[in-house]
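my_file_9.pdb (PDB, C-alpha atoms)
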```
MODEL        1
ATOM      1  CA  MET A   1      85.170 106.222  86.273
ATOM      2  CA  CYS A   2      84.283 102.668  87.290
ATOM      3  CA  VAL A   3      86.315  99.833  85.763
ATOM      4  CA  PRO A   4      84.329  97.334  83.657
ATOM      5  CA  GLY A   5      82.289  95.008  85.825
ATOM      6  CA  CYS A   6      82.866  96.873  89.082
ATOM      7  CA  ARG A   7      79.240  97.866  89.584
ATOM      8  CA  GLU A   8      78.065  94.291  89.117
ATOM      9  CA  ALA A   9      80.791  92.918  91.409
ATOM     10  CA  VAL A  10      80.136  95.400  94.191
ATOM     11  CA  THR A  11      76.362  95.088  93.986
ATOM     12  CA  GLY A  12      76.625  91.289  93.811
ATOM     13  CA  ALA A  13      78.891  91.052  96.835
ATOM     14  CA  MET A  14      76.541  93.248  98.836
ATOM     15  CA  SER A  15      73.290  91.587  97.791
ATOM     16  CA  ARG A  16      74.568  88.047  98.292
ATOM     17  CA  ARG A  17      74.787  88.721 101.982
ATOM     18  CA  GLY A  18      71.858  91.081 102.279
ATOM     19  CA  PHE A  19      74.322  93.674 103.581
ATOM     20  CA  PHE A  20      72.810  97.175 103.564
ATOM     21  CA  LYS A  21      70.202  95.877 101.079
ATOM     22  CA  GLY A  22      68.579  99.230 100.648
ATOM     23  CA  ALA A  23      71.920 100.970 100.082
ATOM     24  CA  ALA A  24      73.587  98.502  97.717
ATOM     25  CA  ALA A  25      72.600 100.347  94.558
ATOM     26  CA  GLY A  26      73.658 103.672  96.007
ATOM     27  CA  PHE A  27      76.990 102.265  97.166
ATOM     28  CA  ALA A  28      77.682 100.849  93.714
ATOM     29  CA  ALA A  29      76.744 104.136  92.096
ATOM     30  CA  THR A  30      79.201 106.053  94.249
ATOM     31  CA  ALA A  31      82.095 103.627  93.847
ATOM     32  CA  GLU A  32      83.399 105.585  90.870
ATOM     33  CA  PHE A  33      87.075 105.465  91.857
ATOM     34  CA  THR A  34      89.597 103.923  89.503
ATOM     35  CA  ALA A  35      92.079 103.149  92.294
ATOM     36  CA  ILE A  36      89.629 101.536  94.709
ATOM     37  CA  THR A  37      87.246  99.633  92.506
ATOM     38  CA  PRO A  38      89.773  96.856  91.779
ATOM     39  CA  ALA A  39      90.108  96.227  95.532
ATOM     40  CA  LEU A  40      86.335  95.932  95.852
ATOM     41  CA  ALA A  41      85.658  94.182  92.551
ATOM     42  CA  GLN A  42      88.242  91.443  92.921
ATOM     43  CA  ARG A  43      87.002  90.050  96.247
ATOM     44  CA  SER A  44      83.887  89.833  98.375
ATOM     45  CA  PHE A  45      83.655  90.118 102.138
ATOM     46  CA  THR A  46      81.675  88.422 104.875
ATOM     47  CA  SER A  47      82.101  90.818 107.795
ATOM     48  CA  VAL A  48      82.878  94.415 108.695
ATOM     49  CA  ILE A  49      85.336  94.998 111.558
ATOM     50  CA  ASP A  50      85.292  98.350 113.324
ATOM     51  CA  LEU A  51      88.880  99.520 113.850
ATOM     52  CA  THR A  52      87.843 102.639 115.767
ATOM     53  CA  HIS A  53      88.099 103.471 119.456
ATOM     54  CA  THR A  54      85.164 105.337 120.971
ATOM     55  CA  LEU A  55      86.177 108.963 121.440
ATOM     56  CA  SER A  56      85.364 110.501 124.815
ATOM     57  CA  PRO A  57      86.929 113.128 127.081
ATOM     58  CA  GLU A  58      88.657 110.269 128.918
ATOM     59  CA  PHE A  59      90.561 108.974 125.878
ATOM     60  CA  PRO A  60      94.348 109.464 126.350
ATOM     61  CA  THR A  61      95.902 112.202 124.222
ATOM     62  CA  PHE A  62      99.429 113.219 123.343
ATOM     63  CA  PHE A  63      98.815 116.646 124.854
ATOM     64  CA  GLY A  64      97.427 115.390 128.159
ATOM     65  CA  ILE A  65      94.144 117.257 127.737
ATOM     66  CA  PRO A  66      90.694 115.951 126.751
ATOM     67  CA  GLY A  67      90.436 115.420 123.022
ATOM     68  CA  ILE A  68      86.753 116.280 122.944
ATOM     69  CA  ALA A  69      84.314 118.313 125.002
ATOM     70  CA  ILE A  70      80.591 117.663 124.511
ATOM     71  CA  GLU A  71      77.887 120.089 125.587
ATOM     72  CA  ARG A  72      74.175 119.315 125.284
ATOM     73  CA  ARG A  73      72.647 122.544 123.955
ATOM     74  CA  TYR A  74      69.191 121.243 123.056
ATOM     75  CA  THR A  75      67.140 118.341 124.409
ATOM     76  CA  LEU A  76      64.302 116.359 122.913
ATOM     77  CA  LYS A  77      62.065 117.013 125.922
ATOM     78  CA  LYS A  78      62.567 120.778 125.994
ATOM     79  CA  ASP A  79      63.454 121.719 122.413
ATOM     80  CA  GLY A  80      62.107 118.888 120.285
ATOM     81  CA  ALA A  81      65.510 117.427 119.359
ATOM     82  CA  ASN A  82      68.781 116.425 120.993
ATOM     83  CA  VAL A  83      71.687 118.565 119.750
ATOM     84  CA  ASN A  84      75.246 118.633 121.096
ATOM     85  CA  TRP A  85      78.051 121.166 120.585
ATOM     86  CA  TRP A  86      81.508 119.629 120.201
ATOM     87  CA  GLN A  87      84.935 121.095 120.775
ATOM     88  CA  VAL A  88      87.404 118.649 119.253
ATOM     89  CA  LEU A  89      91.172 118.282 119.073
ATOM     90  CA  GLU A  90      92.087 117.173 115.534
ATOM     91  CA  HIS A  91      94.580 114.620 116.828
ATOM     92  CA  ALA A  92      92.333 112.764 119.265
ATOM     93  CA  GLY A  93      91.148 109.181 119.432
ATOM     94  CA  THR A  94      91.358 107.104 116.283
ATOM     95  CA  HIS A  95      92.320 109.750 113.753
ATOM     96  CA  VAL A  96      93.939 110.352 110.379
ATOM     97  CA  ASP A  97      97.001 112.566 109.978
ATOM     98  CA  ALA A  98      96.899 114.416 106.661
ATOM     99  CA  PRO A  99     100.094 115.322 104.761
ATOM    100  CA  PHE A 100      99.467 118.963 105.753
ATOM    101  CA  HIS A 101     100.251 118.046 109.375
ATOM    102  CA  TYR A 102     103.978 118.106 108.531
ATOM    103  CA  SER A 103     104.009 119.922 105.197
ATOM    104  CA  ASP A 104     102.599 123.357 104.361
ATOM    105  CA  ALA A 105     102.403 122.178 100.753
ATOM    106  CA  GLY A 106     100.726 118.893 101.676
ATOM    107  CA  ALA A 107      97.071 117.987 101.289
ATOM    108  CA  ALA A 108      94.756 118.841 104.164
ATOM    109  CA  ALA A 109      92.209 116.242 105.276
ATOM    110  CA  ASP A 110      89.548 117.494 102.878
ATOM    111  CA  MET A 111      91.938 117.220  99.941
ATOM    112  CA  ILE A 112      92.802 113.525 100.313
ATOM    113  CA  ALA A 113      91.297 111.843  97.272
ATOM    114  CA  ALA A 114      88.532 109.331  97.966
ATOM    115  CA  GLU A 115      90.307 106.649  95.938
ATOM    116  CA  GLN A 116      93.223 106.821  98.383
ATOM    117  CA  LEU A 117      90.962 105.973 101.323
ATOM    118  CA  VAL A 118      89.694 102.513 100.301
ATOM    119  CA  VAL A 119      92.790 100.331 100.069
ATOM    120  CA  PRO A 120      94.197  96.878 100.839
ATOM    121  CA  LEU A 121      95.320  96.390 104.442
ATOM    122  CA  ALA A 122      98.563  94.669 105.472
ATOM    123  CA  VAL A 123      98.885  94.033 109.223
ATOM    124  CA  MET A 124     102.345  93.588 110.747
ATOM    125  CA  ASP A 125     102.209  91.810 114.118
ATOM    126  CA  VAL A 126     105.000  93.054 116.396
ATOM    127  CA  ALA A 127     103.073  92.560 119.642
ATOM    128  CA  ALA A 128     105.541  90.058 121.132
ATOM    129  CA  LYS A 129     108.455  92.421 120.525
ATOM    130  CA  ALA A 130     106.535  95.411 121.900
ATOM    131  CA  ALA A 131     105.603  93.453 125.019
ATOM    132  CA  ARG A 132     109.315  93.097 125.745
ATOM    133  CA  ASN A 133     110.197  96.672 124.786
ATOM    134  CA  ALA A 134     107.689  99.523 125.090
ATOM    135  CA  ASP A 135     109.918 101.684 122.883
ATOM    136  CA  TYR A 136     109.938  99.174 120.025
ATOM    137  CA  ALA A 137     110.105 100.664 116.519
ATOM    138  CA  MET A 138     108.856  98.514 113.643
ATOM    139  CA  THR A 139     111.757  97.753 111.286
ATOM    140  CA  VAL A 140     112.401  97.030 107.629
ATOM    141  CA  GLN A 141     113.099  93.451 108.674
ATOM    142  CA  ASP A 142     109.603  93.188 110.151
ATOM    143  CA  ILE A 143     108.201  94.151 106.753
ATOM    144  CA  LEU A 144     110.480  91.729 104.902
ATOM    145  CA  ASP A 145     109.502  88.937 107.285
ATOM    146  CA  TRP A 146     105.835  89.698 106.562
ATOM    147  CA  GLU A 147     106.481  89.581 102.814
ATOM    148  CA  ALA A 148     108.349  86.287 103.142
ATOM    149  CA  GLN A 149     105.198  84.779 104.607
ATOM    150  CA  HIS A 150     102.429  86.635 102.753
ATOM    151  CA  GLY A 151     103.975  87.886  99.522
ATOM    152  CA  ARG A 152     104.836  91.364  98.297
ATOM    153  CA  LEU A 153     102.852  94.225  99.782
ATOM    154  CA  PRO A 154      99.817  95.047  97.616
ATOM    155  CA  ASP A 155     100.114  98.275  95.668
ATOM    156  CA  ASN A 156      98.433 101.292  97.305
ATOM    157  CA  CYS A 157      97.929  99.426 100.571
ATOM    158  CA  CYS A 158      97.965 100.644 104.145
ATOM    159  CA  VAL A 159     100.664  99.063 106.299
ATOM    160  CA  ALA A 160      99.421  98.716 109.875
ATOM    161  CA  MET A 161     101.528  98.026 112.955
ATOM    162  CA  ASN A 162      99.801  95.780 115.486
ATOM    163  CA  SER A 163     101.837  96.255 118.652
ATOM    164  CA  GLY A 164      99.082  95.048 120.959
ATOM    165  CA  TRP A 165      98.902  98.522 122.493
ATOM    166  CA  ALA A 166      95.179  98.972 121.815
ATOM    167  CA  GLN A 167      94.427  96.689 124.743
ATOM    168  CA  HIS A 168      95.872  99.309 127.106
ATOM    169  CA  VAL A 169      93.646 102.197 126.002
ATOM    170  CA  GLY A 170      91.576 101.991 129.194
ATOM    171  CA  ASN A 171      94.725 102.550 131.262
ATOM    172  CA  ALA A 172      96.089 105.978 130.346
ATOM    173  CA  ALA A 173      99.322 105.487 132.275
ATOM    174  CA  LYS A 174     100.120 102.276 130.405
ATOM    175  CA  PHE A 175      98.842 103.493 127.031
ATOM    176  CA  THR A 176     100.948 106.659 127.073
ATOM    177  CA  GLY A 177     103.836 105.184 129.065
ATOM    178  CA  ARG A 178     104.576 108.701 130.268
ATOM    179  CA  GLN A 179     107.500 108.942 132.669
ATOM    180  CA  ALA A 180     109.298 112.214 133.486
ATOM    181  CA  ASN A 181     107.610 113.871 130.465
ATOM    182  CA  VAL A 182     108.792 111.128 128.096
ATOM    183  CA  PHE A 183     106.304 108.799 126.412
ATOM    184  CA  HIS A 184     107.014 105.102 126.012
ATOM    185  CA  PHE A 185     104.974 103.262 123.385
ATOM    186  CA  PRO A 186     105.827 101.537 120.085
ATOM    187  CA  GLY A 187     105.900 103.153 116.655
ATOM    188  CA  VAL A 188     107.424 102.841 113.191
ATOM    189  CA  SER A 189     111.128 103.426 112.643
ATOM    190  CA  PRO A 190     112.179 106.153 110.195
ATOM    191  CA  ASP A 191     114.157 103.533 108.261
ATOM    192  CA  ALA A 192     111.011 101.453 107.761
ATOM    193  CA  ALA A 193     109.049 104.514 106.651
ATOM    194  CA  ALA A 194     111.771 105.512 104.179
ATOM    195  CA  TRP A 195     111.968 101.966 102.809
ATOM    196  CA  LEU A 196     108.208 101.849 102.214
ATOM    197  CA  ILE A 197     108.345 105.210 100.435
ATOM    198  CA  ASN A 198     111.245 104.208  98.200
ATOM    199  CA  GLU A 199     110.715 100.480  97.643
ATOM    200  CA  ARG A 200     106.944  99.925  97.674
ATOM    201  CA  ARG A 201     103.756 101.694  96.605
ATOM    202  CA  VAL A 202     101.978 102.362  99.896
ATOM    203  CA  SER A 203      99.153 104.851 100.504
ATOM    204  CA  GLY A 204      98.981 104.871 104.274
ATOM    205  CA  LEU A 205     100.578 103.870 107.543
ATOM    206  CA  ALA A 206      98.596 102.923 110.662
ATOM    207  CA  VAL A 207      99.601 102.361 114.279
ATOM    208  CA  ASP A 208      97.669 101.259 117.353
ATOM    209  CA  THR A 209      99.483 103.857 119.482
ATOM    210  CA  MET A 210      99.290 107.647 119.783
ATOM    211  CA  SER A 211     101.980 108.390 117.195
ATOM    212  CA  LEU A 212     103.535 107.048 114.010
ATOM    213  CA  ASP A 213     106.852 107.619 115.776
ATOM    214  CA  PRO A 214     107.768 105.690 118.924
ATOM    215  CA  GLY A 215     106.706 107.617 122.018
ATOM    216  CA  ALA A 216     110.257 108.424 123.107
ATOM    217  CA  SER A 217     111.066 110.114 119.777
ATOM    218  CA  LYS A 218     112.149 113.733 119.992
ATOM    219  CA  ASP A 219     112.549 114.479 116.279
ATOM    220  CA  PHE A 220     109.392 112.804 114.878
ATOM    221  CA  LYS A 221     111.399 111.701 111.891
ATOM    222  CA  THR A 222     108.845 109.120 110.763
ATOM    223  CA  HIS A 223     106.201 111.844 110.597
ATOM    224  CA  LYS A 224     108.614 114.144 108.767
ATOM    225  CA  LEU A 225     109.370 111.494 106.158
ATOM    226  CA  TRP A 226     105.943 109.963 105.724
ATOM    227  CA  LEU A 227     103.457 112.823 105.619
ATOM    228  CA  PRO A 228     105.364 115.226 103.319
ATOM    229  CA  SER A 229     105.639 112.335 100.835
ATOM    230  CA  GLY A 230     101.903 112.760 100.218
ATOM    231  CA  ARG A 231     100.781 109.795 102.293
ATOM    232  CA  TRP A 232      98.395 109.723 105.252
ATOM    233  CA  GLY A 233      98.725 108.091 108.656
ATOM    234  CA  ILE A 234      96.261 106.591 111.128
ATOM    235  CA  GLU A 235      96.989 106.793 114.848
ATOM    236  CA  ASN A 236      95.174 104.979 117.672
ATOM    237  CA  ILE A 237      93.714 102.381 115.327
ATOM    238  CA  ALA A 238      91.828  99.603 117.135
ATOM    239  CA  GLY A 239      91.008  95.951 116.537
ATOM    240  CA  LEU A 240      93.994  94.907 114.436
ATOM    241  CA  ASP A 241      94.061  91.604 116.314
ATOM    242  CA  LYS A 242      90.641  90.835 114.774
ATOM    243  CA  VAL A 243      91.736  91.053 111.137
ATOM    244  CA  PRO A 244      94.029  88.760 109.141
ATOM    245  CA  PRO A 245      97.522  89.855 108.047
ATOM    246  CA  THR A 246      96.403  90.201 104.429
ATOM    247  CA  GLY A 247      93.337  89.971 102.186
ATOM    248  CA  THR A 248      91.383  92.737 103.931
ATOM    249  CA  THR A 249      90.079  96.007 102.469
ATOM    250  CA  LEU A 250      90.416  99.117 104.641
ATOM    251  CA  ILE A 251      87.881 101.933 104.530
ATOM    252  CA  VAL A 252      89.142 105.208 105.995
ATOM    253  CA  GLY A 253      86.237 107.507 106.853
ATOM    254  CA  VAL A 254      88.092 110.780 107.367
ATOM    255  CA  PRO A 255      85.790 113.823 107.760
ATOM    256  CA  LYS A 256      86.021 116.331 104.939
ATOM    257  CA  VAL A 257      86.974 119.363 107.045
ATOM    258  CA  LYS A 258      88.572 122.213 105.123
ATOM    259  CA  GLY A 259      92.193 122.826 106.053
ATOM    260  CA  ALA A 260      92.325 120.127 108.739
ATOM    261  CA  SER A 261      95.740 118.694 109.612
ATOM    262  CA  ALA A 262      93.991 115.619 111.019
ATOM    263  CA  ALA A 263      90.529 114.431 112.002
ATOM    264  CA  PRO A 264      88.983 111.846 114.316
ATOM    265  CA  SER A 265      87.784 109.154 111.916
ATOM    266  CA  ARG A 266      85.725 105.968 111.650
ATOM    267  CA  ILE A 267      87.861 103.155 110.239
ATOM    268  CA  PHE A 268      86.518  99.835 108.926
ATOM    269  CA  ALA A 269      87.992  96.601 107.602
ATOM    270  CA  LEU A 270      86.063  94.466 105.133
ATOM    271  CA  VAL A 271      87.054  90.867 105.836
TER     272      VAL A 271
ENDMDL
END
```

How would this structure read if it were set down as structure tokens?
Amino acid sequence: MCVPGCREAVTGAMSRRGFFKGAAAGFAATAEFTAITPALAQRSFTSVIDLTHTLSPEFPTFFGIPGIAIERRYTLKKDGANVNWWQVLEHAGTHVDAPFHYSDAGAAADMIAAEQLVVPLAVMDVAAKAARNADYAMTVQDILDWEAQHGRLPDNCCVAMNSGWAQHVGNAAKFTGRQANVFHFPGVSPDAAAWLINERRVSGLAVDTMSLDPGASKDFKTHKLWLPSGRWGIENIAGLDKVPPTGTTLIVGVPKVKGASAAPSRIFALV
């Protein structure tokens, strides 16, 4: 249920800016999540930043095949409406990995609770290090350095790695870094993932590359630690350079597809 005052705070924040005026009441009425309402009730926002890449057949994928195929089955001129058929790879474009991806006992995409998908966002900038080393893996020290500057990670937050790799998405060779069947792009070290699991209360992990693990990884240990712990991960997130390191609310719009191990998603930051 909604915490005391959350409806008024959410509706007030929306109406003060005329943001989605017609939907403000409906938004407040659906914000019945004990874990997310504090994040929304305690602060307002002035802008919405889209952290999603546009998904197309040209978007680079881990498997080297198009992540989506789109077929126009009906047209407005001929049939009275435009209707497309999609064939989609779960792990394509900006997408959310569900715990089920690496755990048969883990939650599939449709089972991730709504209150776990609206959370504080903490952005770790490792772009300078990644520019020098395409195989860079975000470390525990990177997290501690962030906390030294911005304070302890907020409970139930998403920790996002900004490696600067999103800028390369239009260049598949650079974005994937594929050489002799080995990928080269930054990710999160298993040690950092384990530390976040054991030392902090974190809901999600996000990277602006194709994998939570660095591209050259062969054992996917970060995946194997993170997802079976009941947490979700975002891969190919965009726009992290447009949001501040802290003070932002993340909205993870993962489709509610039964049994999905992942799903292309629309991700927003309220700044």

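The gap separating atom CA of Phe175 of chain A from atom CA of Cys158 of chain A is 23.1 Å, in Å to one decimal.
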
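Residues surrounding segment 264-270 of chain A within 7 Å are Phe45, Ser47, Val48, Ile49, Asp50, Leu51, Thr52, Glu90, His91, Ala92, Gly93, Thr94, His95, Val96, Thr248, Thr249, Leu250, Ile251, Val252, Gly253, Val254 and Pro255 of chain A [all atoms listed in the file; sequence separation below 2 positions excluded].
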
Could those selected residues go to a file with C-alpha atoms, as a PDB file, in the frame of the given file?
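The resulting result.pdb:
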```
ATOM      1  CA  PHE A  45      83.655  90.118 102.138  1.00  0.00           C
ATOM      2  CA  SER A  47      82.101  90.818 107.795  1.00  0.00           C
ATOM      3  CA  VAL A  48      82.878  94.415 108.695  1.00  0.00           C
ATOM      4  CA  ILE A  49      85.336  94.998 111.558  1.00  0.00           C
ATOM      5  CA  ASP A  50      85.292  98.350 113.324  1.00  0.00           C
ATOM      6  CA  LEU A  51      88.880  99.520 113.850  1.00  0.00           C
ATOM      7  CA  THR A  52      87.843 102.639 115.767  1.00  0.00           C
ATOM      8  CA  GLU A  90      92.087 117.173 115.534  1.00  0.00           C
ATOM      9  CA  HIS A  91      94.580 114.620 116.828  1.00  0.00           C
ATOM     10  CA  ALA A  92      92.333 112.764 119.265  1.00  0.00           C
ATOM     11  CA  GLY A  93      91.148 109.181 119.432  1.00  0.00           C
ATOM     12  CA  THR A  94      91.358 107.104 116.283  1.00  0.00           C
ATOM     13  CA  HIS A  95      92.320 109.750 113.753  1.00  0.00           C
ATOM     14  CA  VAL A  96      93.939 110.352 110.379  1.00  0.00           C
ATOM     15  CA  THR A 248      91.383  92.737 103.931  1.00  0.00           C
ATOM     16  CA  THR A 249      90.079  96.007 102.469  1.00  0.00           C
ATOM     17  CA  LEU A 250      90.416  99.117 104.641  1.00  0.00           C
ATOM     18  CA  ILE A 251      87.881 101.933 104.530  1.00  0.00           C
ATOM     19  CA  VAL A 252      89.142 105.208 105.995  1.00  0.00           C
ATOM     20  CA  GLY A 253      86.237 107.507 106.853  1.00  0.00           C
ATOM     21  CA  VAL A 254      88.092 110.780 107.367  1.00  0.00           C
ATOM     22  CA  PRO A 255      85.790 113.823 107.760  1.00  0.00           C
TER      23      PRO A 255
END
```

| query | For the point (107.0, 89.4, 104.4) in file coordinates, what residues are within 12 Å, counting all atoms listed in the file? Give the answer as a ChimeraX atom specification? | reply | /A:122-125,139-154,159,245-246

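In terms of minimum interatomic distance to Asp208 of chain A, A:Gly164 ranks closest within A:Gly164, A:Gly80, A:Pro244, A:Pro190, counting only C-alpha atoms.
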
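With the shown file loaded, the PyMOL selection byres ((chain A and resi 109-111) around 6) picks out Ala98, Ala107, Ala108, Ile112, Lys256, Val257, Lys258 and Ala260 of chain A.
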
| field | Nearby residues, (107.1, 96.9, 123.4) file frame, 12 Å, all atoms listed in the file, as a VMD selection string | value | chain A and resid 125 to 138 161 to 165 174 to 175 177 184 to 188 209 214 to 216

| query | For Ile234 of chain A, which of A:Ala180, A:Ala160, A:Ala193, A:Ala173 is the closest residue, counting all atoms listed in the file? | reply | A:Ala160

Please evaluate the PyMOL selection byres ((chain A and resi 106) around 12) against the displayed coordinates and give the resulting residues as a PDB file with C-alpha atoms, in the frame of the given file.
```pdb
ATOM      1  CA  ASP A  97      97.001 112.566 109.978  1.00  0.00           C
ATOM      2  CA  ALA A  98      96.899 114.416 106.661  1.00  0.00           C
ATOM      3  CA  PRO A  99     100.094 115.322 104.761  1.00  0.00           C
ATOM      4  CA  PHE A 100      99.467 118.963 105.753  1.00  0.00           C
ATOM      5  CA  HIS A 101     100.251 118.046 109.375  1.00  0.00           C
ATOM      6  CA  TYR A 102     103.978 118.106 108.531  1.00  0.00           C
ATOM      7  CA  SER A 103     104.009 119.922 105.197  1.00  0.00           C
ATOM      8  CA  ASP A 104     102.599 123.357 104.361  1.00  0.00           C
ATOM      9  CA  ALA A 105     102.403 122.178 100.753  1.00  0.00           C
ATOM     10  CA  ALA A 107      97.071 117.987 101.289  1.00  0.00           C
ATOM     11  CA  ALA A 108      94.756 118.841 104.164  1.00  0.00           C
ATOM     12  CA  ALA A 109      92.209 116.242 105.276  1.00  0.00           C
ATOM     13  CA  ASP A 110      89.548 117.494 102.878  1.00  0.00           C
ATOM     14  CA  MET A 111      91.938 117.220  99.941  1.00  0.00           C
ATOM     15  CA  ILE A 112      92.802 113.525 100.313  1.00  0.00           C
ATOM     16  CA  LYS A 224     108.614 114.144 108.767  1.00  0.00           C
ATOM     17  CA  TRP A 226     105.943 109.963 105.724  1.00  0.00           C
ATOM     18  CA  LEU A 227     103.457 112.823 105.619  1.00  0.00           C
ATOM     19  CA  PRO A 228     105.364 115.226 103.319  1.00  0.00           C
ATOM     20  CA  SER A 229     105.639 112.335 100.835  1.00  0.00           C
ATOM     21  CA  GLY A 230     101.903 112.760 100.218  1.00  0.00           C
ATOM     22  CA  ARG A 231     100.781 109.795 102.293  1.00  0.00           C
ATOM     23  CA  TRP A 232      98.395 109.723 105.252  1.00  0.00           C
ATOM     24  CA  GLY A 259      92.193 122.826 106.053  1.00  0.00           C
ATOM     25  CA  ALA A 260      92.325 120.127 108.739  1.00  0.00           C
ATOM     26  CA  SER A 261      95.740 118.694 109.612  1.00  0.00           C
ATOM     27  CA  ALA A 262      93.991 115.619 111.019  1.00  0.00           C
TER      28      ALA A 262
END
```

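You can rank A:Thr54, A:Asn198, A:Thr61, A:Lys242 by their closest distance to Leu225 of chain A using all atoms listed in the file, and at the top of that list sits A:Asn198.
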
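Note that the spacing between atom CA of Thr46 of chain A and atom CA of Val118 of chain A amounts to 16.8 Å.
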
| Test item: residues at most 12 Å from Ser56 of chain A, only C-alpha atoms, excluding those fewer than 2 positions along its chain, as a PyMOL selection string | chain A and resi 53-54+58-61+65-70+86-89+92-94+169-170+264

| remark: One decimal place gives the atom CA of Phe183 of chain A-atom CA of Gln167 of chain A separation as 17.0 Å

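Taking only C-alpha atoms into account, Asp219 of chain A lies nearest to A:Ser189 out of the set A:Val119, A:Ser189, A:Leu55, A:Ala81.
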
Around all of segment 234-245 of chain A's listed atoms, make the axis-aligned box with 6 Å on each side and tell me centre and edge lengths in Å to one decimal, as lines of an AutoDock Vina configuration file.
```
center_x = 94.1
center_y = 97.8
center_z = 112.9
size_x = 18.9
size_y = 30.0
size_z = 21.6
```

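The smallest atom-to-atom distance between Ala166 of chain A and any of A:Leu212, A:Ile237, A:Leu196, A:Val83, using all atoms listed in the file, is found for A:Ile237.
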
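Nearest residue to Pro120 of chain A among A:Gln179, A:Ser203, A:Ser211, A:Asn236 is A:Ser203, counting all atoms listed in the file.
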